[in-house]
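*Asks:* One structure, as structure tokens, below. Some questions next.
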Amino acid sequence: MFQYCTDPSILSQFKWFSCYLTSGKHISFYLSFLIVISLICITAPISLFFGFCGSLASRSSFILLKYTGLLYTNIVRGIPDIVFFLFIPITIDQILEYSRHKIMCPEITESVWRGTDFLVCSAAKLPLNSDPQWIHSTYSFLLAILSFSIVFGAFASNTISGAINAVPKSQIETARSFGMTNNQVYLKIIIPQMWLYALPGLSNLWMLLIKSTPLLFLLGINDIVYWAKEIGGSKTSIFKYPHPDWRVWYFLGLLVFYLLVTKLSEIAFKKISNKINHAT
Amino acid sequence: MKKIILSIFVLIMINFPASADTIRMGTEGAYPPYNFINDDGEIDGFEKDLGDELCKRASLTCEWVINDWDSIIPNLVSGNYDTIIAGMSITSERDEVIDFTQEYIPADPSAYIALSSGNKAAYIGIVAAQTGTIQASYVASSGATLVEFATPDETIAAVRNGEADAVMADKAFLAPIVSDSNGELIFVGTDVSVGGGVGMGLRESDSSLKDTMNEAIDAMKADGSLNLLLKKWFGEDSSIF
Amino acid sequence: MSCLQTISDYGLRSLGIGERLLPKTDITICEQFVLIGSGLFWNIYFAIFALSIGFISAISIAIMKNSSNRFLSLIGKYFIFIFRGSPLFIQFFCAYEIFVLFPKIGIDLNLIFIEVTLETRWLTRAWLGALIVLYLNTTAYSAEIFYEALKSIPKADIDAANSLGLSSKSKFIKIIYPNMLRFSWPSYTNEAIFLFHATSLVFFSGFPAWGQSGDALYYANYFADKTFNPFIPYPIIAFYFILLTLVIIGLFGIINTKLNKHLPSDLKSKTRIKINFIR
């Protein structure tokens with residue numbers, strides 16, 4: 001980064017740190033914060049959408065849809081989310097590759113499960129072996145987003161179901177008596193009203209989502225926890241910047257980062273709910 | 001929304017023209033000097049040099065991938081990369097699930113290190129090892145109490161802070177740590193040879209890649225360039241071919 | 001090997017009792033069921049101790065935050081903010097890294113009848129270190145729940161107690177405490193379930209597994225890595241967790257009925273506990 005960084009072993013403490021904290025590794029560390037933030041921002045709307053689908057499905061009169069919706073809505077109650085995070089990405093990956101394998105390589109009749117291998121033809125690989133690394137990283141990031149969205153969609157589905165139930169029955173009855181159809185009741189009465197009741201629950205979910213992002217680390221994504229562990233660990237003289245075990249400082253840094261993000265979100269949600277309460 | 005979903009689906013299902021011969025090399029990036037991430041954030045170490053040279057000789061394009069040690073075999077098997085080049089010793093247990101090339105590092109002993117101020121018989125006390133390594137299974141069956149850590153670095157930290165009495169790992173990994181520690185850490189007990197040499201891990205079904213790599217390793221052994229690399233990264237008196 | 005044999009070999013493996021080496025090849029479904037089930041011991045242990053000790057401290061923190069003393073109220077507020085505002089996963093990492101920095105000493109504690117040596121190195125073991133983190137975490141979450149309940153106790157109830165001339169101690173025991181508990185019980189049930197689920201994070205964070213004794217997820221992950229097939233161990237652990245979650249809902253439901261039994265039936269909050277995921 002700086003001119004004087006060529007031989008860090010002779011630098012004064014301040015200069016040493018200025019070089020150390022701007023090394024290529026640290027830049028990757030700083031960039032990984034963006035990964036976490038973008039994960040949160042992308043996941044939130046998708047899981048809201050999933051939540052909508054889930055809660056509408058569980059209220060459907062079509063039995064199969066209803067029970068699928070109810071199962072989806074309730075499954076997160078019984079199983080820790082971390083189990084899902086370990087299970088979903090690999091499952092989705094295998095399903096996608098399996099279906100691509102069936103479509104693209106119909107000539108291979110052998111089973112894709114051979115012994116302990118899961119083998120699809122090379123054209124069915126996701127992403128392809130020849131793809132550049134950024135496609136691979138994007139793919140695993142998308143898998144992570146999908147897993148987070150599925151889990152948080154189920155949470156949101158709970159919240160939204162509750163909020164729909166909280167819309168006063170009298171309003172719905174009045175709307176019906178005006179001759180509104182079922183769809184109209186949903187679009188004109190229930191959904192606009194429901195936001196008011198769903199907001200506290202959804203703001204909690206947002207916090208929950210922020211606080212579960214360190215689990216990205218378990219999905220094999222090089223996120224802030226990965227880099228904090230990697231950079232913080234003690235370094236021998238094979239590295240340019242040898243140092244003892246500094247992980248505690250890096251983790252305390254992460255702690256502060258999360259406290260900051262949750263505090264800011266808290267303030268933002270307070271403003272939103274004040275506005276809504278003011279308007280009604 | 002439907003359109004978006006549809007187009008994502010099409011994107012996933014569509015067949016991009018694939019230029020063959022790209023090999024993805026999976027490594028851990030946390031086991032210096034075998035493989036590690038240097039200060040520029042790039043993969044470095046003996047195996048990076050070796051892998052690049054092998055790919056050059058076999059005229060393959062190689063991409064490097066970092067993967068945690070504890071899931072490094074499952075991810076090879078499920079096709080996330082094509083080789084494991086991560087200081088992995090060839091053992092019969094691993095050989096049942098994956099295949100190995102011939103060894104590119106001769107069988108190197110494993111060793112124990114402990115605090116110089118501590119117990120001299122530390123290796124029969126509480127011994128730290130990385131999860132899923134040959135050393136971990138050796139310690140588990142040796143009568144000592146095994147403490148497992150996910151990364152090699154954490155095992156060393158455990159001995160430094162008194163958590164464990166000793167660490168067991170490849171001697172080549174421990175040697176620079178001992179020499180860097182100003183006498184704080186020392187080797188204890190006797191060296192043990194627990195596994196075969198280090199080879200490149202491949203899927204059982206990838207026999208053509210195995211042949212290609214074996215050929216390239218043969219060539220490097222024959223012209224002495226492998227020994228040069230070994231000396232460069234593991235020191236002058238490292239065991240060579 | 002019969003399944004009964006497996007149970008006697010691995011049933012208590014998570015406590016370090018039984019067969020020393022974990023199964024490595026030819027892993028049967030029975031072995032997976034038994035070992036993952038054996039790991040549940042730790043999940044239950046963490047949940048019971050963290051919740052029961054946390055319950056008492058949570059009430060104190062809630063009262064602190066609700067107090068008119070600004071200093072006490074600030075302490076309560078910041079304690080809750082720090083533990084609710086950051087991920088449990090990071091709390092585990094931080095706590096572990098801080099605990100290992102403690103000097104390794106033993107403190108002799110004289111408890112009249114017996115002398116106990118407390119060792120600081122226990123802090124880096126999951127059974128104590130992770131328990132402390134889980135305890136502080138659930139204390140903060142429950143304290144916030146109780147604090148909200150304290151605020152919603154009807155002023156009339158307290159005025160009535162005052163006019164009866166109750167001392168502040170009996171006012172708390174007779175009026176505030178039961179009402180607070182009654183109001184907060186559905187959310188507290190929710191917290192208990194969340195904490196129980198969170199116990200599965202312990203061995204994925206900084207805390208190492210000693211002698212391969214871990215919790216249910218540790219073994220499930222072990223099998224998924226060994227067999228390369230996630231479709232057996234993870235559904236098994238899901239099955240166990242659903243079962244135990246139902247047990248928690250049942251137990252807390254019984255307490256909820258007890259808390260509400262004095263009310264006329266039309267005022268009773270529904271016995272079916274609604275889970276709102278307020279965490």
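Convention: chains lettered A, B, ... in structure tokens order; per-chain residue numbering from 1; ligands numbered from 1 as shown.
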Counting only C-alpha atoms, which residues from chain C have an atom at most 8 Å from any atom of chain B, and could you show them as an MDAnalysis selection string?
*Replies:* chainID C and resid 20:21 100:101 104 121 124 208:212 225 228
*Asks:* Keeping all heavy atoms, export the residues of the selection given above as a compact mmCIF listing (two decimals), in the first residue's frame.
*Replies:*
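The result, written out as result35.txt:
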# COMPACT_ATOMS: atom_id res chain seq x y z
N ARG C 20 -13.92 -45.97 22.98
CA ARG C 20 -13.12 -44.76 22.85
C ARG C 20 -13.15 -44.21 21.43
O ARG C 20 -13.28 -43.01 21.22
CB ARG C 20 -11.69 -45.10 23.24
CG ARG C 20 -10.80 -43.90 23.34
CD ARG C 20 -9.37 -44.36 23.58
NE ARG C 20 -8.51 -43.21 23.58
CZ ARG C 20 -8.14 -42.57 24.67
NH1 ARG C 20 -8.56 -42.97 25.83
NH2 ARG C 20 -7.35 -41.51 24.58
N LEU C 21 -13.03 -45.10 20.47
CA LEU C 21 -12.96 -44.64 19.09
C LEU C 21 -14.35 -44.59 18.47
O LEU C 21 -15.15 -45.51 18.66
CB LEU C 21 -12.07 -45.58 18.28
CG LEU C 21 -10.63 -45.65 18.77
CD1 LEU C 21 -9.85 -46.70 18.00
CD2 LEU C 21 -9.96 -44.30 18.63
N VAL C 100 -9.12 -18.07 27.34
CA VAL C 100 -7.80 -18.71 27.27
C VAL C 100 -6.69 -17.77 27.73
O VAL C 100 -5.59 -18.22 28.02
CB VAL C 100 -7.46 -19.23 25.84
CG1 VAL C 100 -8.36 -20.35 25.45
CG2 VAL C 100 -7.47 -18.12 24.83
N LEU C 101 -6.98 -16.47 27.78
CA LEU C 101 -5.96 -15.53 28.23
C LEU C 101 -5.81 -15.54 29.75
O LEU C 101 -4.83 -15.06 30.28
CB LEU C 101 -6.30 -14.11 27.77
CG LEU C 101 -6.29 -13.89 26.26
CD1 LEU C 101 -6.66 -12.46 25.93
CD2 LEU C 101 -4.91 -14.21 25.70
N LYS C 104 -3.66 -19.86 34.12
CA LYS C 104 -4.19 -21.17 34.51
C LYS C 104 -3.87 -21.42 35.98
O LYS C 104 -2.77 -21.79 36.33
CB LYS C 104 -3.55 -22.26 33.66
CG LYS C 104 -3.84 -22.13 32.20
CD LYS C 104 -5.20 -22.73 31.87
CE LYS C 104 -5.56 -22.58 30.42
NZ LYS C 104 -5.92 -21.21 30.05
N ARG C 121 -8.90 -23.10 34.25
CA ARG C 121 -8.84 -23.74 32.94
C ARG C 121 -10.19 -24.37 32.56
O ARG C 121 -10.42 -24.66 31.41
CB ARG C 121 -7.72 -24.78 32.89
CG ARG C 121 -7.93 -26.00 33.75
CD ARG C 121 -7.04 -27.12 33.27
NE ARG C 121 -5.63 -26.82 33.37
CZ ARG C 121 -4.74 -27.23 32.48
NH1 ARG C 121 -5.14 -27.90 31.43
NH2 ARG C 121 -3.48 -26.96 32.64
N THR C 124 -12.27 -22.68 29.72
CA THR C 124 -12.09 -22.92 28.29
C THR C 124 -12.74 -24.22 27.86
O THR C 124 -12.72 -24.57 26.69
CB THR C 124 -10.60 -22.99 27.94
OG1 THR C 124 -9.99 -24.00 28.74
CG2 THR C 124 -9.93 -21.66 28.18
N PRO C 208 -13.45 -26.27 21.71
CA PRO C 208 -13.07 -27.53 21.07
C PRO C 208 -13.76 -28.72 21.73
O PRO C 208 -14.20 -28.63 22.88
CB PRO C 208 -11.56 -27.59 21.33
CG PRO C 208 -11.36 -26.84 22.59
CD PRO C 208 -12.42 -25.78 22.63
N ALA C 209 -13.86 -29.78 20.97
CA ALA C 209 -14.43 -31.01 21.52
C ALA C 209 -13.31 -31.82 22.15
O ALA C 209 -12.30 -32.08 21.53
CB ALA C 209 -15.10 -31.80 20.42
N TRP C 210 -13.50 -32.19 23.39
CA TRP C 210 -12.49 -32.97 24.11
C TRP C 210 -12.76 -34.45 23.91
O TRP C 210 -13.87 -34.91 24.15
CB TRP C 210 -12.53 -32.65 25.59
CG TRP C 210 -11.86 -31.36 25.87
CD1 TRP C 210 -12.36 -30.13 25.60
CD2 TRP C 210 -10.57 -31.17 26.42
NE1 TRP C 210 -11.45 -29.17 25.95
CE2 TRP C 210 -10.35 -29.79 26.46
CE3 TRP C 210 -9.59 -32.03 26.89
CZ2 TRP C 210 -9.17 -29.26 26.95
CZ3 TRP C 210 -8.42 -31.51 27.37
CH2 TRP C 210 -8.21 -30.13 27.41
N GLY C 211 -11.72 -35.18 23.48
CA GLY C 211 -11.86 -36.62 23.33
C GLY C 211 -13.07 -36.99 22.48
O GLY C 211 -13.73 -37.98 22.74
N GLN C 212 -13.35 -36.18 21.48
CA GLN C 212 -14.47 -36.41 20.57
C GLN C 212 -15.80 -36.56 21.31
O GLN C 212 -16.66 -37.34 20.91
CB GLN C 212 -14.20 -37.64 19.70
CG GLN C 212 -12.99 -37.42 18.79
CD GLN C 212 -12.73 -38.57 17.88
OE1 GLN C 212 -12.69 -39.71 18.33
NE2 GLN C 212 -12.55 -38.30 16.60
N ASP C 225 -19.67 -35.91 7.37
CA ASP C 225 -18.34 -35.85 6.78
C ASP C 225 -17.79 -37.24 6.47
O ASP C 225 -17.09 -37.43 5.49
CB ASP C 225 -17.37 -35.14 7.73
CG ASP C 225 -17.53 -33.65 7.66
OD1 ASP C 225 -18.31 -33.18 6.81
OD2 ASP C 225 -16.88 -32.95 8.46
N PHE C 228 -20.28 -38.89 3.71
CA PHE C 228 -20.52 -38.05 2.54
C PHE C 228 -21.99 -38.04 2.15
O PHE C 228 -22.34 -37.86 1.00
CB PHE C 228 -19.67 -38.50 1.35
CG PHE C 228 -18.25 -38.70 1.74
CD1 PHE C 228 -17.70 -39.95 1.81
CD2 PHE C 228 -17.47 -37.61 2.07
CE1 PHE C 228 -16.39 -40.12 2.20
CE2 PHE C 228 -16.17 -37.78 2.46
CZ PHE C 228 -15.63 -39.04 2.52
*Asks:* Up to 7 Å from chain A, what residues of chain C turn up? Count only C-alpha atoms and give them as a short mmCIF file (atom, residue, chain, number, x, y, z; two decimals) with N, CA, C and O atoms, in the first residue's frame.
*Replies:*
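The result, written out as out-v7.cif:
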data_model
loop_
_atom_site.label_atom_id
_atom_site.label_comp_id
_atom_site.auth_asym_id
_atom_site.auth_seq_id
_atom_site.Cartn_x
_atom_site.Cartn_y
_atom_site.Cartn_z
N ILE C 82 -25.76 -5.33 24.84
CA ILE C 82 -24.57 -6.03 24.34
C ILE C 82 -24.89 -7.48 24.00
O ILE C 82 -24.49 -7.99 22.95
N GLY C 85 -27.61 -7.55 21.12
CA GLY C 85 -27.27 -6.85 19.89
C GLY C 85 -26.18 -7.52 19.07
O GLY C 85 -25.89 -7.09 17.97
N SER C 86 -25.57 -8.57 19.60
CA SER C 86 -24.50 -9.22 18.85
C SER C 86 -24.83 -10.70 18.69
O SER C 86 -25.57 -11.26 19.48
N PRO C 87 -24.27 -11.32 17.67
CA PRO C 87 -24.58 -12.72 17.42
C PRO C 87 -23.98 -13.63 18.49
O PRO C 87 -22.85 -13.41 18.94
N PHE C 89 -22.89 -16.51 18.09
CA PHE C 89 -21.72 -17.15 17.52
C PHE C 89 -20.45 -16.35 17.82
O PHE C 89 -19.43 -16.90 18.22
N ILE C 90 -20.54 -15.02 17.62
CA ILE C 90 -19.39 -14.16 17.89
C ILE C 90 -19.13 -14.10 19.40
O ILE C 90 -17.99 -14.07 19.84
N PHE C 93 -17.01 -17.04 20.27
CA PHE C 93 -15.63 -16.86 19.85
C PHE C 93 -14.90 -15.92 20.80
O PHE C 93 -13.80 -16.22 21.27
N CYS C 94 -15.51 -14.77 21.07
CA CYS C 94 -14.88 -13.78 21.93
C CYS C 94 -14.62 -14.36 23.31
O CYS C 94 -13.53 -14.24 23.85
N GLU C 97 -11.76 -16.81 23.34
CA GLU C 97 -10.45 -16.18 23.20
C GLU C 97 -10.08 -15.41 24.47
O GLU C 97 -8.90 -15.30 24.80
N ILE C 98 -11.07 -14.87 25.15
CA ILE C 98 -10.77 -14.15 26.40
C ILE C 98 -10.46 -15.14 27.52
O ILE C 98 -9.50 -14.97 28.28
N HIS C 197 -32.24 -24.51 20.86
CA HIS C 197 -31.69 -24.67 19.51
C HIS C 197 -30.27 -24.09 19.43
O HIS C 197 -29.42 -24.62 18.74
N ALA C 198 -30.04 -23.01 20.15
CA ALA C 198 -28.73 -22.34 20.09
C ALA C 198 -27.64 -23.20 20.70
O ALA C 198 -26.47 -23.02 20.39
N PHE C 228 -20.28 -38.89 3.71
CA PHE C 228 -20.52 -38.05 2.54
C PHE C 228 -21.99 -38.04 2.15
O PHE C 228 -22.34 -37.86 1.00
N PRO C 230 -25.43 -36.35 3.53
CA PRO C 230 -26.09 -35.55 4.56
C PRO C 230 -27.54 -35.97 4.80
O PRO C 230 -28.16 -35.51 5.74
N TYR C 234 -28.58 -35.55 9.26
CA TYR C 234 -29.30 -34.30 9.55
C TYR C 234 -30.79 -34.54 9.80
O TYR C 234 -31.34 -33.97 10.75
N ALA C 238 -32.75 -33.59 13.21
CA ALA C 238 -33.98 -32.81 13.11
C ALA C 238 -35.09 -33.50 13.88
O ALA C 238 -35.84 -32.86 14.64
N PHE C 241 -34.61 -33.01 17.58
CA PHE C 241 -34.88 -31.64 18.03
C PHE C 241 -36.36 -31.34 18.03
O PHE C 241 -36.87 -30.67 18.93
N ILE C 242 -37.09 -31.84 17.01
CA ILE C 242 -38.53 -31.60 16.98
C ILE C 242 -39.16 -32.23 18.21
O ILE C 242 -39.98 -31.62 18.91
N THR C 245 -38.37 -30.17 21.23
CA THR C 245 -39.08 -28.90 21.21
C THR C 245 -40.52 -29.11 21.66
O THR C 245 -41.07 -28.31 22.41
N ASN C 276 -43.78 -16.45 18.57
CA ASN C 276 -43.67 -15.27 17.72
C ASN C 276 -42.26 -15.00 17.22
O ASN C 276 -42.04 -14.07 16.49
N ILE C 278 -39.77 -13.79 18.70
CA ILE C 278 -39.23 -12.49 19.09
C ILE C 278 -37.90 -12.75 19.72
O ILE C 278 -37.81 -13.08 20.90
N ARG C 279 -36.87 -12.74 18.94
CA ARG C 279 -35.56 -12.91 19.55
C ARG C 279 -34.58 -11.95 18.96
O ARG C 279 -34.65 -11.67 17.80
#
*Asks:* Quick one: contact table of chain A to chain B, 8 Å max, nearest atom pair and distance in Å to one decimal per residue, counting only C-alpha atoms, chain and number order, as JSON lines?
*Replies:*
{"residue": "A:Ser23", "atom": "CA", "partner": "B:Asp40", "partner_atom": "CA", "distance": 5.9}
{"residue": "A:Gly24", "atom": "CA", "partner": "B:Asp40", "partner_atom": "CA", "distance": 3.9}
{"residue": "A:Lys25", "atom": "CA", "partner": "B:Gly41", "partner_atom": "CA", "distance": 4.0}
{"residue": "A:His26", "atom": "CA", "partner": "B:Gly41", "partner_atom": "CA", "distance": 7.7}
{"residue": "A:Ser28", "atom": "CA", "partner": "B:Gly41", "partner_atom": "CA", "distance": 7.0}
{"residue": "A:Arg100", "atom": "CA", "partner": "B:Met13", "partner_atom": "CA", "distance": 6.3}
{"residue": "A:Thr116", "atom": "CA", "partner": "B:Val97", "partner_atom": "CA", "distance": 6.7}
{"residue": "A:Asp117", "atom": "CA", "partner": "B:Val77", "partner_atom": "CA", "distance": 5.2}
{"residue": "A:Phe118", "atom": "CA", "partner": "B:Ser78", "partner_atom": "CA", "distance": 5.2}
{"residue": "A:Leu119", "atom": "CA", "partner": "B:Ser78", "partner_atom": "CA", "distance": 6.9}
{"residue": "A:Ala123", "atom": "CA", "partner": "B:Asn15", "partner_atom": "CA", "distance": 7.2}
{"residue": "A:Lys125", "atom": "CA", "partner": "B:Gly79", "partner_atom": "CA", "distance": 7.7}
{"residue": "A:Leu126", "atom": "CA", "partner": "B:Ile12", "partner_atom": "CA", "distance": 7.9}
{"residue": "A:Leu128", "atom": "CA", "partner": "B:Ala18", "partner_atom": "CA", "distance": 7.1}
{"residue": "A:Asn129", "atom": "CA", "partner": "B:Thr22", "partner_atom": "CA", "distance": 6.1}
{"residue": "A:Ser130", "atom": "CA", "partner": "B:Thr22", "partner_atom": "CA", "distance": 5.0}
{"residue": "A:Asp131", "atom": "CA", "partner": "B:Ala18", "partner_atom": "CA", "distance": 7.9}
{"residue": "A:Pro132", "atom": "CA", "partner": "B:Glu63", "partner_atom": "CA", "distance": 7.8}
{"residue": "A:Gln133", "atom": "CA", "partner": "B:Glu63", "partner_atom": "CA", "distance": 7.1}
{"residue": "A:Gly220", "atom": "CA", "partner": "B:Asn67", "partner_atom": "CA", "distance": 7.0}
{"residue": "A:Glu230", "atom": "CA", "partner": "B:Ala30", "partner_atom": "CA", "distance": 7.6}
{"residue": "A:Gly233", "atom": "CA", "partner": "B:Asp153", "partner_atom": "CA", "distance": 6.3}
{"residue": "A:Ser234", "atom": "CA", "partner": "B:Asp153", "partner_atom": "CA", "distance": 7.0}
{"residue": "A:Thr236", "atom": "CA", "partner": "B:Ile177", "partner_atom": "CA", "distance": 6.3}
{"residue": "A:Ser237", "atom": "CA", "partner": "B:Asp180", "partner_atom": "CA", "distance": 6.9}
{"residue": "A:Ile238", "atom": "CA", "partner": "B:Pro33", "partner_atom": "CA", "distance": 7.7}
{"residue": "A:Phe239", "atom": "CA", "partner": "B:Asn38", "partner_atom": "CA", "distance": 6.4}
{"residue": "A:Lys240", "atom": "CA", "partner": "B:Asp39", "partner_atom": "CA", "distance": 6.5}
{"residue": "A:Tyr241", "atom": "CA", "partner": "B:Asp39", "partner_atom": "CA", "distance": 7.4}
{"residue": "A:Asp245", "atom": "CA", "partner": "B:Ala157", "partner_atom": "CA", "distance": 7.1}
*Asks:* Looking only at the backbone, which of the residues in range 28-160 of chain B does DSSP tag as alpha helix (DSSP H), as a ChimeraX atom specification?
*Replies:* /B:46-57,72-77,92-97,134-142,152-160
*Asks:* For Ser205 in chain C, which of C:Gly18, C:Gly129, C:Gly37, C:Pro103 is the closest residue, counting only C-alpha atoms?
*Replies:*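 Answer, going by the shortest atom-to-atom distance: C:Gly129.
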*Asks:* Mind the document's chain letters and residue numbers, and return as a list in words the residues of range 60-95 of chain B that DSSP labels strand (DSSP E).
*Replies:*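 Here are the strand (DSSP E) residues of range 60-95 of chain B: Thr61, Cys62, Glu63, Trp64, Val65, Ile66, Thr83 and Ile84 of chain B.
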*Asks:* Could you tell me how far CA of Ile158 in chain C lies from CA of Ser184 in chain C, in Å and to one decimal?
*Replies:*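 Going from CA of Ile158 in chain C over to CA of Ser184 in chain C covers 17.6 Å.
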*Asks:* What's around Ala121 in chain B at 8 Å? Count only C-alpha atoms, leave out sequence neighbours fewer than 3 positions away in its own chain, and write the answer as a PyMOL selection string.
*Replies:* chain B and resi 124-125+188-189
*Asks:* Please identify all polymer residues within 9 Å of Ser161 in chain A, counting only C-alpha atoms, omitting same-chain residues fewer than 2 positions from it, and present them as a PyMOL selection string.
*Replies:* chain A and resi 51-52+54-56+58-59+156-159+163-166+198
*Asks:* Those residues with all heavy atoms, as a short mmCIF file (atom, residue, chain, number, x, y, z; two decimals), in the first residue's frame please?
*Replies:*
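Produced file out-v2.cif, reproduced below:
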data_model
loop_
_atom_site.label_atom_id
_atom_site.label_comp_id
_atom_site.auth_asym_id
_atom_site.auth_seq_id
_atom_site.Cartn_x
_atom_site.Cartn_y
_atom_site.Cartn_z
N GLY A 51 -42.02 -15.63 2.75
CA GLY A 51 -42.92 -15.59 3.89
C GLY A 51 -44.36 -15.36 3.45
O GLY A 51 -45.29 -16.00 3.94
N PHE A 52 -44.53 -14.45 2.50
CA PHE A 52 -45.86 -14.18 1.94
C PHE A 52 -46.44 -15.45 1.34
O PHE A 52 -47.57 -15.84 1.66
CB PHE A 52 -45.76 -13.13 0.84
CG PHE A 52 -46.36 -11.83 1.24
CD1 PHE A 52 -45.57 -10.69 1.36
CD2 PHE A 52 -47.71 -11.73 1.51
CE1 PHE A 52 -46.11 -9.50 1.76
CE2 PHE A 52 -48.26 -10.54 1.90
CZ PHE A 52 -47.46 -9.42 2.03
N GLY A 54 -45.62 -18.50 1.88
CA GLY A 54 -45.87 -19.50 2.91
C GLY A 54 -47.15 -19.23 3.66
O GLY A 54 -47.96 -20.13 3.86
N SER A 55 -47.35 -17.98 4.06
CA SER A 55 -48.53 -17.72 4.88
C SER A 55 -49.80 -17.76 4.04
O SER A 55 -50.84 -18.22 4.51
CB SER A 55 -48.40 -16.38 5.61
OG SER A 55 -48.35 -15.34 4.68
N LEU A 56 -49.72 -17.31 2.77
CA LEU A 56 -50.90 -17.41 1.92
C LEU A 56 -51.22 -18.88 1.64
O LEU A 56 -52.39 -19.28 1.66
CB LEU A 56 -50.70 -16.65 0.61
CG LEU A 56 -50.65 -15.12 0.75
CD1 LEU A 56 -50.56 -14.46 -0.61
CD2 LEU A 56 -51.87 -14.60 1.50
N SER A 58 -50.59 -21.42 3.55
CA SER A 58 -51.14 -22.11 4.70
C SER A 58 -52.58 -21.66 4.99
O SER A 58 -53.26 -22.28 5.80
CB SER A 58 -50.26 -21.90 5.93
OG SER A 58 -50.12 -20.53 6.20
N ARG A 59 -53.02 -20.59 4.34
CA ARG A 59 -54.41 -20.17 4.50
C ARG A 59 -55.26 -20.62 3.33
O ARG A 59 -56.45 -20.31 3.28
CB ARG A 59 -54.49 -18.65 4.63
CG ARG A 59 -53.77 -18.12 5.84
CD ARG A 59 -53.68 -16.62 5.78
NE ARG A 59 -54.99 -16.00 5.86
CZ ARG A 59 -55.59 -15.76 7.00
NH1 ARG A 59 -55.04 -16.09 8.13
NH2 ARG A 59 -56.79 -15.20 7.01
N ALA A 156 -40.63 -15.49 8.59
CA ALA A 156 -41.47 -14.38 8.16
C ALA A 156 -42.90 -14.86 7.95
O ALA A 156 -43.86 -14.14 8.25
CB ALA A 156 -40.92 -13.77 6.88
N SER A 157 -43.02 -16.08 7.45
CA SER A 157 -44.33 -16.65 7.22
C SER A 157 -45.12 -16.71 8.52
O SER A 157 -46.32 -16.42 8.56
CB SER A 157 -44.14 -18.03 6.61
OG SER A 157 -45.34 -18.70 6.53
N ASN A 158 -44.43 -17.08 9.61
CA ASN A 158 -45.07 -17.06 10.92
C ASN A 158 -45.57 -15.68 11.30
O ASN A 158 -46.71 -15.50 11.72
CB ASN A 158 -44.03 -17.46 11.98
CG ASN A 158 -44.05 -18.92 12.25
OD1 ASN A 158 -45.02 -19.42 12.80
ND2 ASN A 158 -43.03 -19.62 11.83
N THR A 159 -44.68 -14.71 11.15
CA THR A 159 -45.01 -13.34 11.53
C THR A 159 -46.20 -12.84 10.71
O THR A 159 -47.12 -12.23 11.24
CB THR A 159 -43.80 -12.43 11.29
OG1 THR A 159 -42.68 -13.04 11.92
CG2 THR A 159 -44.03 -11.06 11.86
N ALA A 163 -49.92 -11.61 11.69
CA ALA A 163 -50.39 -10.26 11.40
C ALA A 163 -51.71 -10.31 10.65
O ALA A 163 -52.61 -9.50 10.90
CB ALA A 163 -49.35 -9.51 10.59
N ILE A 164 -51.85 -11.27 9.73
CA ILE A 164 -53.11 -11.37 8.99
C ILE A 164 -54.24 -11.71 9.94
O ILE A 164 -55.34 -11.15 9.85
CB ILE A 164 -52.97 -12.45 7.87
CG1 ILE A 164 -52.01 -11.95 6.80
CG2 ILE A 164 -54.33 -12.75 7.26
CD1 ILE A 164 -51.80 -12.92 5.66
N ASN A 165 -53.95 -12.59 10.89
CA ASN A 165 -54.98 -12.94 11.87
C ASN A 165 -55.36 -11.75 12.74
O ASN A 165 -56.45 -11.69 13.27
CB ASN A 165 -54.50 -14.08 12.77
CG ASN A 165 -54.54 -15.40 12.04
OD1 ASN A 165 -55.35 -15.57 11.12
ND2 ASN A 165 -53.67 -16.32 12.42
N ALA A 166 -54.41 -10.82 12.88
CA ALA A 166 -54.67 -9.70 13.78
C ALA A 166 -55.52 -8.61 13.14
O ALA A 166 -56.01 -7.73 13.83
CB ALA A 166 -53.34 -9.11 14.25
N ALA A 198 -47.54 -6.45 11.42
CA ALA A 198 -46.36 -7.29 11.15
C ALA A 198 -45.06 -6.57 11.47
O ALA A 198 -44.04 -7.21 11.68
CB ALA A 198 -46.36 -7.73 9.70
#
*Asks:* How many Å lie between CA of Tyr34 in chain B and CA of Phe207 in chain C, rounded to one decimal?
*Replies:*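 We find that CA of Tyr34 in chain B and CA of Phe207 in chain C lie 26.2 Å from each other.
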*Asks:* Would you pick out the contacts of Thr190 in chain B at 12 Å or less, using only C-alpha atoms, so that residues sharing its chain but fewer than 4 positions from it are not included, and give the list as an MDAnalysis selection string?
*Replies:* chainID B and resid 109:113 120:124 168 171 186
*Asks:* Grab the CA of Val151 in chain A to CA of Ile46 in chain A distance for me, in Å with one decimal place.
*Replies:*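 Atom-to-atom, CA of Val151 in chain A and CA of Ile46 in chain A are spaced 10.9 Å apart.
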